[in-house]
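Following: one structure in structure tokens, then a few remarks.
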Amino acid sequence: MKWYESPLVDESIVISARVRFARNFEKYPFPIKLTDSAAQEMAAATARAALSGNGTAFTDELRYFDITDTPQESLLPLMERHVLSSHMVAKKGVKGIILNGREDVSVMLNEEDHARIQSIFPGDNLDGAYAAADALDTLIEDKGQHKYAFDQEYGFLTSCPTNAGTGMRASLMLHLPALENTGYIAKMLPALGKFRMTVRGIHGEGSESLGAVYQISNQFSLGKPETEILQALKSAVNWIINQEKSMREKFFTKHRIAVEDKLYRSWGILTSCRTLDHKEGMNLLSDARMGFESGIYTMPRPAKTIYALMTNIQPGSLCAIAGKPLNQEERNIYRAEYIREQLKA
Amino acid sequence: MYCDKCHKNPASVHVERIVNGAKTEYNLCMHCAAHERSDAGGDMSFDKMIKEFLGSIIGSLSGYSGGLHFLGPDIHNGQAVAEIPACQSCGVSFDELREEGKLGCVNCYKAFRPQIDTILKNVHGSSEHTGKTPKKAPRELILRREVETMKRGLREAIEREQYEIAAELRDKIRSAEAELYKQGAESGEFKV
């Protein structure tokens, strides 16, 4: 089972928690200045260290994949599932990935930094995600041949100084339909800036929000220990969650029938449409997620989580499920068919 | 931001085109971007989808990855950019750092230390790491970090009136400081 197939992704406002560490090895130049042969050597050595934890440190076995020559269409679904960054899909040259079956622990090799160690857990288990990423980070250093690039004053050294220090980016993925519908989310941005936190769309940097899914993450990675950064993120997110809850409550109390009508209409479209584009699909699934979470929907939940459906209807993942490349029109038809099938009573 | 071609729909695809070495950049809506690709004779099916999708996600490449312009002129520390020598290890110049937002190697942190110090303070509000220390760091550094953490814990324990924990921490701090002293580290260097 993948992490996004856990029922926890649909149970509350928080879909998932993610922690990543940016790490480099002292011995090598950073990826923008690294030769292909040195990058191969670095990737293989890092993979050996990480995989040495199989059977002891990690119950779900890690595997290493050299994705240097993997075509972009095969990498796109991994990006849509938050395993790869868009930079990693687009970049040319040596690149590798370490990944377990659940896809909740992974390492991108030779991205902007030598190793981007990541853990993503369903629900609001930020401490769990931190512990898993931290354990893999320690293992890679401990069992690896090379020292991490570390400065007494600046901490872990990264290619972009915005990641230096702890090298940590922690984020919580939230479903915020009420704040989005009222346009309130935009008004919250300056306040979040004061927390030194930032809001992004579903695919991070520069991406738009789809299906009312937002990621909140720390802007700073230096000056505070990891635990305090995590605490600051939790406080900021709790504040947002409370805003979302009170906005929903207002809606449900004042416009109960209108809300029920909208959510049930969305279910109607999802279960009977014949063509569906990505954006509309995400918005309808956003309604379905709220329908189940709020208890307004009385029908049984589908076998797959709503968030898994949100994941699977993205262009690359959809083609992967279909097992062939599809153009936009074909995708829209297949998307409608796929969702109808998944939501069948 | 609206489409640079039709000026009607929101722009979702960032296009960079290089003709005879001259780069032009514009932002298009999905509709105009599709025409743009067919005009350029590209593959209209899967390849286009990937590019469009990635384009909509990456957005403007000169936004985030394109660096550190947002910091303003003060990051030069009064020194003209051209006068700042490039990193001797990897050759990255300060101008490249400003443009790309990326350093080439560990030594860049030494080569551009005054500039980076300002960058770090701007971005993070601090330039002093207080988090995790690698296991392979020198023993002295690890000990110093432990002492700092324990001192924070000691302050918290006293505030919470947990005197047993405080006493335990005080003893541990003493023994760690004694070890540091033995290693030749000057006890006056501790930053609290």
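Letters A, B, ... mark the chains of the structure tokens in the order given; residue numbers begin at 1 per chain; ligand numbers begin at 1, in order shown.
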### Task
Using only C-alpha atoms, determine which residues lie at most 12 Å from Lys91 of chain A, disregarding the query and same-chain residues fewer than 3 positions distant; provide the list as a count of residues only.
23
List every residue of chain A that has an atom at most 6 Å from any atom of chain B, and for each one report the closest atom pair and its distance in Å to one decimal, counting only C-alpha atoms, with rows sorted by chain and then by increasing residue number, as JSON lines.
{"residue": "A:Pro29", "atom": "CA", "partner": "B:Cys105", "partner_atom": "CA", "distance": 4.4}
{"residue": "A:Phe30", "atom": "CA", "partner": "B:Cys105", "partner_atom": "CA", "distance": 5.0}
{"residue": "A:Lys33", "atom": "CA", "partner": "B:Gly104", "partner_atom": "CA", "distance": 5.6}
{"residue": "A:Glu153", "atom": "CA", "partner": "B:Glu128", "partner_atom": "CA", "distance": 5.2}
{"residue": "A:Tyr154", "atom": "CA", "partner": "B:His129", "partner_atom": "CA", "distance": 5.2}
{"residue": "A:Gly155", "atom": "CA", "partner": "B:His129", "partner_atom": "CA", "distance": 5.0}
{"residue": "A:Ser159", "atom": "CA", "partner": "B:Leu103", "partner_atom": "CA", "distance": 4.8}
{"residue": "A:Cys160", "atom": "CA", "partner": "B:Lys102", "partner_atom": "CA", "distance": 4.6}
{"residue": "A:Gly165", "atom": "CA", "partner": "B:His129", "partner_atom": "CA", "distance": 5.3}
{"residue": "A:Thr166", "atom": "CA", "partner": "B:Gly131", "partner_atom": "CA", "distance": 5.9}
{"residue": "A:Gly206", "atom": "CA", "partner": "B:Gly59", "partner_atom": "CA", "distance": 5.4}
{"residue": "A:Ser207", "atom": "CA", "partner": "B:Ile57", "partner_atom": "CA", "distance": 4.6}
{"residue": "A:Phe220", "atom": "CA", "partner": "B:His124", "partner_atom": "CA", "distance": 4.6}
{"residue": "A:Leu222", "atom": "CA", "partner": "B:His129", "partner_atom": "CA", "distance": 5.6}
{"residue": "A:Gly223", "atom": "CA", "partner": "B:His129", "partner_atom": "CA", "distance": 5.0}
{"residue": "A:Lys224", "atom": "CA", "partner": "B:Thr130", "partner_atom": "CA", "distance": 5.6}
{"residue": "A:Pro225", "atom": "CA", "partner": "B:Gly131", "partner_atom": "CA", "distance": 3.9}
{"residue": "A:Glu226", "atom": "CA", "partner": "B:Gly131", "partner_atom": "CA", "distance": 5.8}
{"residue": "A:Asn327", "atom": "CA", "partner": "B:Ser45", "partner_atom": "CA", "distance": 4.9}
| said: Would you compute the distance between atom CA of Gln145 of chain A and atom CA of Ala47 of chain A? Give it in Å to one decimal. | reply: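 Those two atoms sit 11.2 Å apart.
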Mind listing the helix (DSSP H, G or I) residues of segment 112-150 of chain B, per DSSP on the backbone, as an NGL selection string? :B and (113-124 or 139-150)
key: Distance query segment 291-296 of chain A at most 9 Å, only C-alpha atoms, self and fewer than 3 positions along chain excluded, as number ranges by chain   = A: 10-13, 260, 263-264, 267, 286-288, 299-301
query: Just how far from atom CA of Ala191 of chain A is atom CA of Arg248 of chain A, in Å to one decimal?
result: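 Interatomic distance here is 20.4 Å.
Counting only C-alpha atoms, the residue from A:Val213, A:Leu62, A:Met108, A:Ala336 that sits nearest to Thr275 of chain A is A:Ala336.
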The distance between atom CA of Phe65 of chain A and atom CA of Ile97 of chain A is 5.2 Å
With a distance cut-off of 9 Å and only C-alpha atoms, select the neighbouring residues of Pro122 of chain A, excluding the residue or stretch itself and same-chain residues fewer than 5 positions from it, and output the selection as a ChimeraX atom specification. /A:3-10,14-18,104
Would you save the residues of that selection, restricted to N, CA, C and O atoms, as an mmCIF file, in the first residue's frame?
data_model
loop_
_atom_site.group_PDB
_atom_site.id
_atom_site.type_symbol
_atom_site.label_atom_id
_atom_site.label_comp_id
_atom_site.auth_asym_id
_atom_site.auth_seq_id
_atom_site.Cartn_x
_atom_site.Cartn_y
_atom_site.Cartn_z
ATOM 1 N N TRP A 3 1.525 5.339 0.728
ATOM 2 C CA TRP A 3 1.118 6.176 1.855
ATOM 3 C C TRP A 3 -0.200 6.895 1.583
ATOM 4 O O TRP A 3 -1.008 7.088 2.489
ATOM 5 N N TYR A 4 -0.430 7.259 0.313
ATOM 6 C CA TYR A 4 -1.634 8.049 0.003
ATOM 7 C C TYR A 4 -2.879 7.165 -0.125
ATOM 8 O O TYR A 4 -3.955 7.648 -0.423
ATOM 9 N N GLU A 5 -2.692 5.859 0.071
ATOM 10 C CA GLU A 5 -3.850 4.963 0.087
ATOM 11 C C GLU A 5 -4.318 4.693 1.520
ATOM 12 O O GLU A 5 -5.307 3.987 1.734
ATOM 13 N N SER A 6 -3.602 5.256 2.486
ATOM 14 C CA SER A 6 -4.020 5.112 3.886
ATOM 15 C C SER A 6 -5.252 5.980 4.147
ATOM 16 O O SER A 6 -5.298 7.137 3.712
ATOM 17 N N PRO A 7 -6.246 5.442 4.876
ATOM 18 C CA PRO A 7 -7.454 6.244 5.159
ATOM 19 C C PRO A 7 -7.139 7.571 5.853
ATOM 20 O O PRO A 7 -7.914 8.511 5.784
ATOM 21 N N LEU A 8 -5.966 7.653 6.489
ATOM 22 C CA LEU A 8 -5.591 8.873 7.221
ATOM 23 C C LEU A 8 -5.541 10.117 6.329
ATOM 24 O O LEU A 8 -5.689 11.229 6.806
ATOM 25 N N VAL A 9 -5.330 9.911 5.013
ATOM 26 C CA VAL A 9 -5.222 11.088 4.128
ATOM 27 C C VAL A 9 -6.562 11.799 3.932
ATOM 28 O O VAL A 9 -6.594 12.928 3.451
ATOM 29 N N ASP A 10 -7.657 11.111 4.267
ATOM 30 C CA ASP A 10 -8.982 11.716 4.058
ATOM 31 C C ASP A 10 -9.687 12.087 5.360
ATOM 32 O O ASP A 10 -10.791 12.600 5.353
ATOM 33 N N VAL A 14 -5.806 17.935 7.456
ATOM 34 C CA VAL A 14 -4.421 17.661 7.063
ATOM 35 C C VAL A 14 -4.349 16.367 6.249
ATOM 36 O O VAL A 14 -4.703 15.299 6.732
ATOM 37 N N ILE A 15 -3.868 16.486 5.018
ATOM 38 C CA ILE A 15 -3.752 15.317 4.139
ATOM 39 C C ILE A 15 -2.478 14.543 4.469
ATOM 40 O O ILE A 15 -2.505 13.329 4.639
ATOM 41 N N SER A 16 -1.362 15.277 4.553
ATOM 42 C CA SER A 16 -0.088 14.592 4.781
ATOM 43 C C SER A 16 0.943 15.529 5.384
ATOM 44 O O SER A 16 0.784 16.755 5.357
ATOM 45 N N ALA A 17 2.001 14.914 5.930
ATOM 46 C CA ALA A 17 3.098 15.672 6.534
ATOM 47 C C ALA A 17 4.393 15.249 5.864
ATOM 48 O O ALA A 17 4.601 14.063 5.604
ATOM 49 N N ARG A 18 5.232 16.221 5.577
ATOM 50 C CA ARG A 18 6.457 15.893 4.851
ATOM 51 C C ARG A 18 7.659 16.617 5.451
ATOM 52 O O ARG A 18 7.562 17.769 5.856
ATOM 53 N N ASP A 104 6.917 6.337 1.156
ATOM 54 C CA ASP A 104 6.913 7.342 2.227
ATOM 55 C C ASP A 104 8.322 7.747 2.648
ATOM 56 O O ASP A 104 8.494 8.679 3.427
#
Excluding Asp60 of chain A and its own-chain neighbours fewer than 3 positions away, which residues fall within 12 Å of it when counting only C-alpha atoms? Please give them as a PyMOL selection string.
chain A and resi 1-3+51+53-57+63+99-106+132
Would you put the residues from that selection into a file with C-alpha atoms, as a PDB file, in the first residue's frame?
ATOM      1  CA  MET A   1       0.000   0.000   0.000  1.00  0.00           C
ATOM      2  CA  LYS A   2       1.243   3.482  -0.845  1.00  0.00           C
ATOM      3  CA  TRP A   3       1.118   6.176   1.855  1.00  0.00           C
ATOM      4  CA  LEU A  51      20.309   0.433   1.496  1.00  0.00           C
ATOM      5  CA  GLY A  53      19.606  -0.107   6.639  1.00  0.00           C
ATOM      6  CA  ASN A  54      17.303  -2.578   4.896  1.00  0.00           C
ATOM      7  CA  GLY A  55      16.082  -5.257   7.266  1.00  0.00           C
ATOM      8  CA  THR A  56      17.179  -3.373  10.381  1.00  0.00           C
ATOM      9  CA  ALA A  57      16.479   0.358  10.321  1.00  0.00           C
ATOM     10  CA  ARG A  63      15.632   0.326  -3.552  1.00  0.00           C
ATOM     11  CA  LEU A  99      12.621   4.710  -2.754  1.00  0.00           C
ATOM     12  CA  ASN A 100      10.649   2.215  -0.678  1.00  0.00           C
ATOM     13  CA  GLY A 101       7.439   0.434  -1.636  1.00  0.00           C
ATOM     14  CA  ARG A 102       5.113   2.679   0.356  1.00  0.00           C
ATOM     15  CA  GLU A 103       6.860   5.706  -1.189  1.00  0.00           C
ATOM     16  CA  ASP A 104       6.913   7.342   2.227  1.00  0.00           C
ATOM     17  CA  VAL A 105      10.716   7.427   2.377  1.00  0.00           C
ATOM     18  CA  SER A 106      12.868   8.522  -0.538  1.00  0.00           C
ATOM     19  CA  ALA A 132      11.965   8.712   9.502  1.00  0.00           C
TER      20      ALA A 132
END
Env of Arg144 of chain B: 9 Å cut, atoms = only C-alpha atoms, seq-sep filter 2 positions within chain, self excluded. Answer as a ChimeraX atom specification. /B:139-142,146-149,176-177,180,190-191
For N, CA, C and O atoms, I'd like the residues from the last selection saved as a PDB file, in the first residue's frame.
ATOM      1  N   ARG B 139      34.840  15.948  17.310  1.00  0.00           N
ATOM      2  CA  ARG B 139      34.285  15.656  18.642  1.00  0.00           C
ATOM      3  C   ARG B 139      34.007  16.959  19.417  1.00  0.00           C
ATOM      4  O   ARG B 139      32.993  17.098  20.079  1.00  0.00           O
ATOM      5  N   GLU B 140      34.931  17.906  19.263  1.00  0.00           N
ATOM      6  CA  GLU B 140      34.814  19.163  19.987  1.00  0.00           C
ATOM      7  C   GLU B 140      33.519  19.899  19.601  1.00  0.00           C
ATOM      8  O   GLU B 140      32.799  20.413  20.452  1.00  0.00           O
ATOM      9  N   LEU B 141      33.235  19.886  18.289  1.00  0.00           N
ATOM     10  CA  LEU B 141      32.039  20.579  17.795  1.00  0.00           C
ATOM     11  C   LEU B 141      30.769  19.909  18.319  1.00  0.00           C
ATOM     12  O   LEU B 141      29.821  20.571  18.749  1.00  0.00           O
ATOM     13  N   ILE B 142      30.798  18.570  18.296  1.00  0.00           N
ATOM     14  CA  ILE B 142      29.632  17.825  18.783  1.00  0.00           C
ATOM     15  C   ILE B 142      29.386  18.149  20.260  1.00  0.00           C
ATOM     16  O   ILE B 142      28.268  18.419  20.682  1.00  0.00           O
ATOM     17  N   GLU B 146      26.204  19.869  22.130  1.00  0.00           N
ATOM     18  CA  GLU B 146      25.503  19.196  23.231  1.00  0.00           C
ATOM     19  C   GLU B 146      25.379  20.122  24.430  1.00  0.00           C
ATOM     20  O   GLU B 146      24.347  20.194  25.086  1.00  0.00           O
ATOM     21  N   VAL B 147      26.469  20.839  24.702  1.00  0.00           N
ATOM     22  CA  VAL B 147      26.459  21.763  25.839  1.00  0.00           C
ATOM     23  C   VAL B 147      25.393  22.842  25.614  1.00  0.00           C
ATOM     24  O   VAL B 147      24.620  23.160  26.526  1.00  0.00           O
ATOM     25  N   GLU B 148      25.347  23.380  24.382  1.00  0.00           N
ATOM     26  CA  GLU B 148      24.341  24.415  24.084  1.00  0.00           C
ATOM     27  C   GLU B 148      22.927  23.890  24.306  1.00  0.00           C
ATOM     28  O   GLU B 148      22.087  24.543  24.919  1.00  0.00           O
ATOM     29  N   THR B 149      22.685  22.671  23.795  1.00  0.00           N
ATOM     30  CA  THR B 149      21.350  22.078  23.950  1.00  0.00           C
ATOM     31  C   THR B 149      21.029  21.852  25.418  1.00  0.00           C
ATOM     32  O   THR B 149      19.934  22.153  25.890  1.00  0.00           O
ATOM     33  N   ALA B 176      30.905  17.685  30.373  1.00  0.00           N
ATOM     34  CA  ALA B 176      31.175  17.962  28.960  1.00  0.00           C
ATOM     35  C   ALA B 176      32.146  19.130  28.826  1.00  0.00           C
ATOM     36  O   ALA B 176      33.075  19.099  28.013  1.00  0.00           O
ATOM     37  N   GLU B 177      31.969  20.139  29.679  1.00  0.00           N
ATOM     38  CA  GLU B 177      32.867  21.297  29.619  1.00  0.00           C
ATOM     39  C   GLU B 177      34.282  20.909  30.045  1.00  0.00           C
ATOM     40  O   GLU B 177      35.264  21.409  29.493  1.00  0.00           O
ATOM     41  N   LEU B 180      35.870  19.248  27.119  1.00  0.00           N
ATOM     42  CA  LEU B 180      36.247  20.264  26.132  1.00  0.00           C
ATOM     43  C   LEU B 180      37.535  20.957  26.558  1.00  0.00           C
ATOM     44  O   LEU B 180      38.418  21.218  25.744  1.00  0.00           O
ATOM     45  N   PHE B 190      32.524  29.477  24.712  1.00  0.00           N
ATOM     46  CA  PHE B 190      31.144  29.005  24.664  1.00  0.00           C
ATOM     47  C   PHE B 190      30.170  30.133  24.420  1.00  0.00           C
ATOM     48  O   PHE B 190      30.248  31.188  25.040  1.00  0.00           O
ATOM     49  N   LYS B 191      29.302  29.857  23.493  1.00  0.00           N
ATOM     50  CA  LYS B 191      28.240  30.836  23.241  1.00  0.00           C
ATOM     51  C   LYS B 191      26.971  30.314  23.885  1.00  0.00           C
ATOM     52  O   LYS B 191      26.583  29.185  23.626  1.00  0.00           O
TER      53      LYS B 191
END
Among segment 152-228 of chain A, which ones does DSSP assign to strand (DSSP E or B) (computed from the backbone)? Answer as number ranges by chain. A: 155-156, 165, 168-175, 197-201, 204, 213-218
(Q) I'd like the neighbourhood of Ser217 of chain A as number ranges by chain, where a residue qualifies if any of its atoms comes within 8 Å (using only C-alpha atoms), though same-chain residues fewer than 4 positions away should be ignored. (A) A: 169-172, 197-199, 233
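Nearest to Gln118 of chain A of all the residues A:Leu176, A:Val259, A:Ala135, A:Ile185 is A:Ala135, based on only C-alpha atoms.
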